[in-house]
file entry_23.txt (compact mmCIF, N, CA, C and O atoms)
# COMPACT_ATOMS: atom_id res chain seq x y z
N MET A 1 0.84 -1.18 0.00
CA MET A 1 0.00 0.00 0.00
C MET A 1 0.89 1.24 0.00
O MET A 1 1.80 1.36 0.81
N PRO A 2 0.62 2.20 -0.90
CA PRO A 2 1.41 3.44 -0.92
C PRO A 2 1.20 4.23 0.37
O PRO A 2 0.14 4.16 0.98
N GLN A 3 2.22 4.96 0.76
CA GLN A 3 2.12 5.85 1.90
C GLN A 3 2.46 7.26 1.45
O GLN A 3 3.32 7.45 0.59
N TYR A 4 1.77 8.24 2.01
CA TYR A 4 1.95 9.62 1.61
C TYR A 4 2.15 10.50 2.83
O TYR A 4 1.67 10.19 3.92
N LEU A 5 2.80 11.63 2.61
CA LEU A 5 2.98 12.63 3.64
C LEU A 5 2.22 13.87 3.21
O LEU A 5 2.41 14.36 2.09
N LEU A 6 1.34 14.36 4.05
CA LEU A 6 0.62 15.61 3.80
C LEU A 6 1.26 16.67 4.68
O LEU A 6 1.35 16.51 5.90
N SER A 7 1.69 17.74 4.07
CA SER A 7 2.32 18.82 4.81
C SER A 7 1.50 20.10 4.63
O SER A 7 1.18 20.48 3.51
N VAL A 8 1.16 20.73 5.74
CA VAL A 8 0.44 22.00 5.70
C VAL A 8 1.44 23.08 6.03
O VAL A 8 2.01 23.11 7.12
N TRP A 9 1.70 23.95 5.07
CA TRP A 9 2.74 24.96 5.19
C TRP A 9 2.14 26.27 5.71
O TRP A 9 1.05 26.67 5.30
N HIS A 10 2.86 26.93 6.60
CA HIS A 10 2.46 28.24 7.11
C HIS A 10 3.55 29.24 6.72
O HIS A 10 4.73 28.96 6.87
N ASP A 11 3.13 30.42 6.22
CA ASP A 11 4.09 31.44 5.83
C ASP A 11 4.74 32.14 7.02
O ASP A 11 5.76 32.77 6.89
N GLN A 12 4.13 32.04 8.17
CA GLN A 12 4.68 32.66 9.37
C GLN A 12 4.78 31.59 10.45
O GLN A 12 4.17 30.53 10.32
N PRO A 13 5.56 31.85 11.48
CA PRO A 13 5.66 30.86 12.56
C PRO A 13 4.29 30.49 13.11
O PRO A 13 3.41 31.34 13.26
N TYR A 14 4.11 29.21 13.38
CA TYR A 14 2.82 28.70 13.84
C TYR A 14 2.34 29.42 15.09
O TYR A 14 1.16 29.71 15.23
N ASP A 15 3.26 29.73 15.98
CA ASP A 15 2.88 30.41 17.23
C ASP A 15 2.32 31.80 16.97
O ASP A 15 1.63 32.35 17.82
N ASP A 16 2.64 32.39 15.80
CA ASP A 16 2.17 33.74 15.48
C ASP A 16 0.87 33.74 14.69
O ASP A 16 0.35 34.81 14.37
N LEU A 17 0.33 32.56 14.34
CA LEU A 17 -0.91 32.51 13.57
C LEU A 17 -2.09 33.00 14.40
O LEU A 17 -2.20 32.68 15.58
N ASP A 18 -2.96 33.76 13.77
CA ASP A 18 -4.18 34.20 14.41
C ASP A 18 -5.21 33.09 14.22
O ASP A 18 -5.86 33.01 13.18
N MET A 19 -5.34 32.22 15.21
CA MET A 19 -6.21 31.06 15.10
C MET A 19 -7.69 31.43 15.01
O MET A 19 -8.51 30.59 14.71
N THR A 20 -8.03 32.70 15.24
CA THR A 20 -9.42 33.13 15.14
C THR A 20 -9.77 33.65 13.75
O THR A 20 -10.94 33.91 13.47
N SER A 21 -8.78 33.82 12.87
CA SER A 21 -9.07 34.36 11.54
C SER A 21 -9.86 33.34 10.72
O SER A 21 -9.66 32.13 10.84
N PRO A 22 -10.76 33.81 9.87
CA PRO A 22 -11.56 32.91 9.05
C PRO A 22 -10.71 32.00 8.14
O PRO A 22 -11.05 30.83 7.96
N ASP A 23 -9.62 32.52 7.59
CA ASP A 23 -8.76 31.70 6.72
C ASP A 23 -8.14 30.55 7.48
O ASP A 23 -8.12 29.41 7.01
N VAL A 24 -7.62 30.84 8.67
CA VAL A 24 -6.99 29.79 9.48
C VAL A 24 -8.05 28.78 9.92
O VAL A 24 -7.83 27.57 9.86
N GLN A 25 -9.21 29.25 10.35
CA GLN A 25 -10.28 28.36 10.77
C GLN A 25 -10.72 27.45 9.63
O GLN A 25 -10.97 26.25 9.83
N SER A 26 -10.78 27.99 8.41
CA SER A 26 -11.15 27.19 7.24
C SER A 26 -10.10 26.11 6.97
O SER A 26 -10.44 24.95 6.70
N ASN A 27 -8.83 26.49 7.05
CA ASN A 27 -7.75 25.51 6.83
C ASN A 27 -7.79 24.40 7.87
O ASN A 27 -7.63 23.22 7.55
N VAL A 28 -7.98 24.77 9.13
CA VAL A 28 -8.03 23.79 10.21
C VAL A 28 -9.19 22.83 9.98
O VAL A 28 -9.05 21.61 10.11
N ALA A 29 -10.35 23.36 9.59
CA ALA A 29 -11.52 22.53 9.34
C ALA A 29 -11.29 21.56 8.18
O ALA A 29 -11.65 20.38 8.26
N GLN A 30 -10.65 22.04 7.11
CA GLN A 30 -10.39 21.19 5.95
C GLN A 30 -9.43 20.06 6.29
O GLN A 30 -9.63 18.91 5.90
N VAL A 31 -8.38 20.38 7.03
CA VAL A 31 -7.41 19.35 7.42
C VAL A 31 -8.08 18.35 8.37
O VAL A 31 -7.87 17.13 8.24
N SER A 32 -8.91 18.83 9.28
CA SER A 32 -9.61 17.93 10.21
C SER A 32 -10.54 16.98 9.47
O SER A 32 -10.61 15.78 9.78
N GLU A 33 -11.27 17.50 8.47
CA GLU A 33 -12.16 16.65 7.67
C GLU A 33 -11.36 15.60 6.90
O GLU A 33 -11.77 14.44 6.81
N PHE A 34 -10.24 16.02 6.34
CA PHE A 34 -9.39 15.08 5.60
C PHE A 34 -8.86 13.98 6.52
O PHE A 34 -8.90 12.80 6.19
N ASN A 35 -8.39 14.39 7.71
CA ASN A 35 -7.89 13.40 8.68
C ASN A 35 -8.99 12.42 9.08
O ASN A 35 -8.75 11.22 9.21
N ALA A 36 -10.22 12.93 9.28
CA ALA A 36 -11.34 12.07 9.66
C ALA A 36 -11.64 11.06 8.55
O ALA A 36 -11.91 9.88 8.82
N ALA A 37 -11.58 11.51 7.30
CA ALA A 37 -11.81 10.60 6.16
C ALA A 37 -10.74 9.52 6.11
O ALA A 37 -11.03 8.34 5.83
N LEU A 38 -9.49 9.89 6.38
CA LEU A 38 -8.41 8.90 6.40
C LEU A 38 -8.63 7.88 7.51
O LEU A 38 -8.44 6.68 7.31
N GLU A 39 -9.04 8.36 8.69
CA GLU A 39 -9.30 7.45 9.81
C GLU A 39 -10.43 6.48 9.47
O GLU A 39 -10.32 5.28 9.74
N GLU A 40 -11.50 6.99 8.88
CA GLU A 40 -12.63 6.13 8.51
C GLU A 40 -12.22 5.07 7.50
O GLU A 40 -12.73 3.95 7.52
N ALA A 41 -11.28 5.41 6.61
CA ALA A 41 -10.82 4.47 5.59
C ALA A 41 -9.76 3.51 6.12
O ALA A 41 -9.32 2.62 5.41
N GLY A 42 -9.33 3.71 7.37
CA GLY A 42 -8.29 2.86 7.95
C GLY A 42 -6.90 3.18 7.43
O GLY A 42 -5.99 2.37 7.53
N ALA A 43 -6.73 4.39 6.88
CA ALA A 43 -5.45 4.77 6.28
C ALA A 43 -4.66 5.75 7.12
O ALA A 43 -3.56 6.15 6.76
N TRP A 44 -5.20 6.15 8.26
CA TRP A 44 -4.54 7.13 9.13
C TRP A 44 -3.36 6.49 9.85
O TRP A 44 -3.47 5.40 10.39
N VAL A 45 -2.21 7.15 9.85
CA VAL A 45 -1.05 6.65 10.58
C VAL A 45 -0.80 7.54 11.79
O VAL A 45 -0.87 7.09 12.92
N PHE A 46 -0.51 8.79 11.60
CA PHE A 46 -0.33 9.73 12.71
C PHE A 46 -0.34 11.16 12.17
O PHE A 46 -0.22 11.39 10.99
N GLY A 47 -0.45 12.10 13.08
CA GLY A 47 -0.36 13.51 12.72
C GLY A 47 0.33 14.26 13.83
O GLY A 47 0.12 13.98 15.00
N THR A 48 1.16 15.20 13.44
CA THR A 48 1.87 16.00 14.42
C THR A 48 2.45 17.22 13.73
O THR A 48 2.48 17.29 12.50
N GLY A 49 2.90 18.17 14.49
CA GLY A 49 3.53 19.36 13.93
C GLY A 49 5.05 19.24 13.97
O GLY A 49 5.59 18.41 14.70
N LEU A 50 5.69 20.03 13.16
CA LEU A 50 7.15 20.07 13.13
C LEU A 50 7.64 21.34 13.80
O LEU A 50 6.96 22.36 13.80
N ARG A 51 8.81 21.27 14.36
CA ARG A 51 9.45 22.44 14.94
C ARG A 51 10.06 23.26 13.81
O ARG A 51 10.25 22.76 12.70
N PRO A 52 10.43 24.51 14.06
CA PRO A 52 11.07 25.33 13.01
C PRO A 52 12.38 24.70 12.53
O PRO A 52 13.05 23.98 13.28
N ALA A 53 12.74 24.98 11.28
CA ALA A 53 13.97 24.43 10.70
C ALA A 53 15.20 24.81 11.52
O ALA A 53 16.17 24.06 11.57
N SER A 54 15.15 25.95 12.20
CA SER A 54 16.29 26.40 13.00
C SER A 54 16.60 25.44 14.15
O SER A 54 17.70 25.44 14.68
N SER A 55 15.65 24.58 14.52
CA SER A 55 15.88 23.63 15.61
C SER A 55 16.19 22.23 15.11
O SER A 55 16.25 21.29 15.89
N ALA A 56 16.41 22.10 13.80
CA ALA A 56 16.60 20.77 13.19
C ALA A 56 17.92 20.12 13.57
O ALA A 56 18.89 20.78 13.90
N THR A 57 17.92 18.80 13.53
CA THR A 57 19.13 17.99 13.66
C THR A 57 19.16 17.07 12.46
O THR A 57 18.19 16.37 12.18
N VAL A 58 20.25 17.10 11.73
CA VAL A 58 20.40 16.23 10.56
C VAL A 58 21.08 14.95 11.02
O VAL A 58 22.12 14.99 11.67
N VAL A 59 20.47 13.79 10.71
CA VAL A 59 21.03 12.49 11.07
C VAL A 59 21.36 11.76 9.79
O VAL A 59 20.52 11.60 8.91
N ARG A 60 22.61 11.30 9.68
CA ARG A 60 23.04 10.55 8.50
C ARG A 60 23.64 9.22 8.96
O ARG A 60 24.37 9.17 9.93
N ALA A 61 23.30 8.16 8.22
CA ALA A 61 23.87 6.85 8.50
C ALA A 61 24.55 6.35 7.24
O ALA A 61 23.99 6.40 6.15
N SER A 62 25.77 5.87 7.41
CA SER A 62 26.53 5.36 6.27
C SER A 62 27.47 4.27 6.76
O SER A 62 28.29 4.51 7.64
N GLY A 63 27.34 3.08 6.20
CA GLY A 63 28.24 1.99 6.55
C GLY A 63 28.24 1.65 8.02
O GLY A 63 29.28 1.29 8.57
N GLY A 64 27.11 1.80 8.69
CA GLY A 64 27.04 1.48 10.11
C GLY A 64 27.40 2.63 11.02
O GLY A 64 27.22 2.56 12.23
N ASP A 65 27.95 3.72 10.46
CA ASP A 65 28.29 4.90 11.25
C ASP A 65 27.14 5.90 11.20
O ASP A 65 26.52 6.08 10.15
N VAL A 66 26.86 6.54 12.31
CA VAL A 66 25.80 7.55 12.37
C VAL A 66 26.44 8.86 12.78
O VAL A 66 27.22 8.93 13.73
N SER A 67 26.09 9.93 12.03
CA SER A 67 26.58 11.26 12.40
C SER A 67 25.38 12.19 12.56
O SER A 67 24.36 12.04 11.88
N MET A 68 25.52 13.14 13.48
CA MET A 68 24.45 14.11 13.72
C MET A 68 25.04 15.50 13.63
O MET A 68 26.14 15.76 14.10
N THR A 69 24.27 16.41 13.01
CA THR A 69 24.67 17.80 12.89
C THR A 69 23.53 18.66 13.36
O THR A 69 22.40 18.50 12.90
N ASP A 70 23.78 19.58 14.30
CA ASP A 70 22.73 20.50 14.74
C ASP A 70 22.44 21.50 13.65
O ASP A 70 23.35 22.08 13.05
N GLY A 71 21.17 21.71 13.37
CA GLY A 71 20.74 22.70 12.38
C GLY A 71 20.53 22.10 11.01
O GLY A 71 21.03 21.00 10.71
N PRO A 72 19.80 22.81 10.18
CA PRO A 72 19.50 22.34 8.82
C PRO A 72 20.59 22.73 7.84
O PRO A 72 20.37 23.49 6.92
N TYR A 73 21.79 22.24 8.06
CA TYR A 73 22.93 22.66 7.27
C TYR A 73 23.33 21.60 6.27
O TYR A 73 23.32 20.42 6.56
N ALA A 74 23.75 22.05 5.10
CA ALA A 74 24.31 21.14 4.12
C ALA A 74 25.81 20.99 4.43
O ALA A 74 26.46 21.95 4.84
N GLU A 75 26.32 19.78 4.23
CA GLU A 75 27.75 19.59 4.46
C GLU A 75 28.50 20.23 3.30
O GLU A 75 28.14 20.10 2.15
N THR A 76 29.56 20.98 3.64
CA THR A 76 30.34 21.65 2.60
C THR A 76 31.78 21.26 2.70
O THR A 76 32.26 20.76 3.68
call {"tool": "encode", "arguments": {"input": "entry_23.txt", "output": "C-alpha cells"}}
result
Amino acid sequence: MPQYLLSVWHDQPYDDLDMTSPDVQSNVAQVSEFNAALEEAGAWVFGTGLRPASSATVVRASGGDVSMTDGPYAET
C-alpha cells in the first residue's frame, strides 16, 4: 500500500498565527475533515507538527556509522 505525507505549510511561525481568523479556521476545518476521512478508511497513521527548521538535527547513517549535525545545514 502506498504511503503519503501531507504537509500543511504556514508562511509565518505557527505560534504567530491568528487562530481566530476565518482563513486559518477554514484551513483547520479542511485538514480535520481530511484526517477524519483517512481514519474512517483505515489509512490514518499519525499527525503532528514540526518544529522550526532552525531547531533541526540532521542524522546521517553510512556503513554502520551515524553522524548528527545540529541545524538544517548542508555539508560543505
call {"tool": "select_by_dssp", "arguments": {"input": "entry_23.txt", "residues": "chain A", "states": "strand (DSSP E or B)", "output": "ChimeraX atom specification"}}
result
/A:57-62,65-70
call {"tool": "select_by_dssp", "arguments": {"input": "entry_23.txt", "residues": "chain A", "states": "alpha helix (DSSP H)", "output": "VMD selection string"}}
result
chain A and resid 22 to 40
call {"tool": "atom_distance", "arguments": {"input": "entry_23.txt", "atom1": "atom N of Asp23 (chain A)", "atom2": "CA of Glu39 (chain A)"}}
result
25.2 Å
call {"tool": "atom_distance", "arguments": {"input": "entry_23.txt", "atom1": "CA of Gln3 (chain A)", "atom2": "atom O of Val31 (chain A)"}}
result
16.3 Å
call {"tool": "residues_around", "arguments": {"input": "entry_23.txt", "residues": "Tyr4 (chain A)", "least_positions_apart": "3", "cutoff": "8 Å", "atoms": "all atoms listed in the file", "output": "list in words"}}
result
Met1, Ser7, Ala43, Val45 and Phe46 of chain A
call {"tool": "write_last_selection", "arguments": {"input": "entry_23.txt", "atoms": "N, CA, C and O atoms", "output": "CSV table (one decimal), in the frame of the given file"}}
result
chain,number,residue,atom,x,y,z
A,1,MET,N,0.8,-1.2,0.0
A,1,MET,CA,0.0,0.0,0.0
A,1,MET,C,0.9,1.2,0.0
A,1,MET,O,1.8,1.4,0.8
A,7,SER,N,1.7,17.7,4.1
A,7,SER,CA,2.3,18.8,4.8
A,7,SER,C,1.5,20.1,4.6
A,7,SER,O,1.2,20.5,3.5
A,43,ALA,N,-6.7,4.4,6.9
A,43,ALA,CA,-5.4,4.8,6.3
A,43,ALA,C,-4.7,5.8,7.1
A,43,ALA,O,-3.6,6.2,6.8
A,45,VAL,N,-2.2,7.2,9.8
A,45,VAL,CA,-1.0,6.6,10.6
A,45,VAL,C,-0.8,7.5,11.8
A,45,VAL,O,-0.9,7.1,12.9
A,46,PHE,N,-0.5,8.8,11.6
A,46,PHE,CA,-0.3,9.7,12.7
A,46,PHE,C,-0.3,11.2,12.2
A,46,PHE,O,-0.2,11.4,11.0
call {"tool": "atom_distance", "arguments": {"input": "entry_23.txt", "atom1": "atom N of Trp44 (chain A)", "atom2": "atom C of Pro2 (chain A)"}}
result
10.3 Å
call {"tool": "closest_residue", "arguments": {"input": "entry_23.txt", "among": "A:Asp11, A:Asp70, A:Glu40, A:Asp18", "to": "Val58 (chain A)", "atoms": "all atoms listed in the file"}}
result
A:Asp70
call {"tool": "closest_residue", "arguments": {"input": "entry_23.txt", "among": "A:Leu50, A:Ala56, A:Ala37, A:Ala61", "to": "Val8 (chain A)", "atoms": "only C-alpha atoms"}}
result
A:Leu50
call {"tool": "build_atoms", "arguments": {"input": "entry_23.txt", "residues": "region 37-48 of chain A", "atoms": "all heavy atoms", "output": "compact mmCIF listing (two decimals), keeping the file's coordinate frame"}}
result
# COMPACT_ATOMS: atom_id res chain seq x y z
N ALA A 37 -11.58 11.51 7.30
CA ALA A 37 -11.81 10.60 6.16
C ALA A 37 -10.74 9.52 6.11
O ALA A 37 -11.03 8.34 5.83
CB ALA A 37 -11.86 11.38 4.86
N LEU A 38 -9.49 9.89 6.38
CA LEU A 38 -8.41 8.90 6.40
C LEU A 38 -8.63 7.88 7.51
O LEU A 38 -8.44 6.68 7.31
CB LEU A 38 -7.05 9.58 6.60
CG LEU A 38 -6.49 10.38 5.44
CD1 LEU A 38 -5.21 11.09 5.86
CD2 LEU A 38 -6.23 9.48 4.24
N GLU A 39 -9.04 8.36 8.69
CA GLU A 39 -9.30 7.45 9.81
C GLU A 39 -10.43 6.48 9.47
O GLU A 39 -10.32 5.28 9.74
CB GLU A 39 -9.64 8.24 11.07
CG GLU A 39 -8.43 8.91 11.70
CD GLU A 39 -8.77 9.57 13.01
OE1 GLU A 39 -8.69 8.88 14.05
OE2 GLU A 39 -9.11 10.77 13.00
N GLU A 40 -11.50 6.99 8.88
CA GLU A 40 -12.63 6.13 8.51
C GLU A 40 -12.22 5.07 7.50
O GLU A 40 -12.73 3.95 7.52
CB GLU A 40 -13.77 6.97 7.93
CG GLU A 40 -14.51 7.78 8.97
CD GLU A 40 -15.61 8.63 8.36
OE1 GLU A 40 -16.12 8.27 7.28
OE2 GLU A 40 -15.96 9.65 8.97
N ALA A 41 -11.28 5.41 6.61
CA ALA A 41 -10.82 4.47 5.59
C ALA A 41 -9.76 3.51 6.12
O ALA A 41 -9.32 2.62 5.41
CB ALA A 41 -10.26 5.25 4.39
N GLY A 42 -9.33 3.71 7.37
CA GLY A 42 -8.29 2.86 7.95
C GLY A 42 -6.90 3.18 7.43
O GLY A 42 -5.99 2.37 7.53
N ALA A 43 -6.73 4.39 6.88
CA ALA A 43 -5.45 4.77 6.28
C ALA A 43 -4.66 5.75 7.12
O ALA A 43 -3.56 6.15 6.76
CB ALA A 43 -5.69 5.38 4.89
N TRP A 44 -5.20 6.15 8.26
CA TRP A 44 -4.54 7.13 9.13
C TRP A 44 -3.36 6.49 9.85
O TRP A 44 -3.47 5.40 10.39
CB TRP A 44 -5.55 7.63 10.15
CG TRP A 44 -5.00 8.57 11.18
CD1 TRP A 44 -4.66 8.26 12.46
CD2 TRP A 44 -4.73 9.95 11.03
NE1 TRP A 44 -4.20 9.37 13.11
CE2 TRP A 44 -4.24 10.43 12.25
CE3 TRP A 44 -4.85 10.83 9.97
CZ2 TRP A 44 -3.87 11.75 12.44
CZ3 TRP A 44 -4.49 12.15 10.16
CH2 TRP A 44 -4.01 12.60 11.39
N VAL A 45 -2.21 7.15 9.85
CA VAL A 45 -1.05 6.65 10.58
C VAL A 45 -0.80 7.54 11.79
O VAL A 45 -0.87 7.09 12.92
CB VAL A 45 0.20 6.58 9.68
CG1 VAL A 45 1.41 6.12 10.48
CG2 VAL A 45 -0.04 5.64 8.51
N PHE A 46 -0.51 8.79 11.60
CA PHE A 46 -0.33 9.73 12.71
C PHE A 46 -0.34 11.16 12.17
O PHE A 46 -0.22 11.39 10.99
CB PHE A 46 0.96 9.46 13.49
CG PHE A 46 2.20 9.89 12.76
CD1 PHE A 46 2.75 11.14 12.99
CD2 PHE A 46 2.82 9.06 11.85
CE1 PHE A 46 3.89 11.54 12.31
CE2 PHE A 46 3.96 9.45 11.18
CZ PHE A 46 4.49 10.70 11.41
N GLY A 47 -0.45 12.10 13.08
CA GLY A 47 -0.36 13.51 12.72
C GLY A 47 0.33 14.26 13.83
O GLY A 47 0.12 13.98 15.00
N THR A 48 1.16 15.20 13.44
CA THR A 48 1.87 16.00 14.42
C THR A 48 2.45 17.22 13.73
O THR A 48 2.48 17.29 12.50
CB THR A 48 2.98 15.19 15.12
OG1 THR A 48 3.50 15.97 16.20
CG2 THR A 48 4.09 14.84 14.17
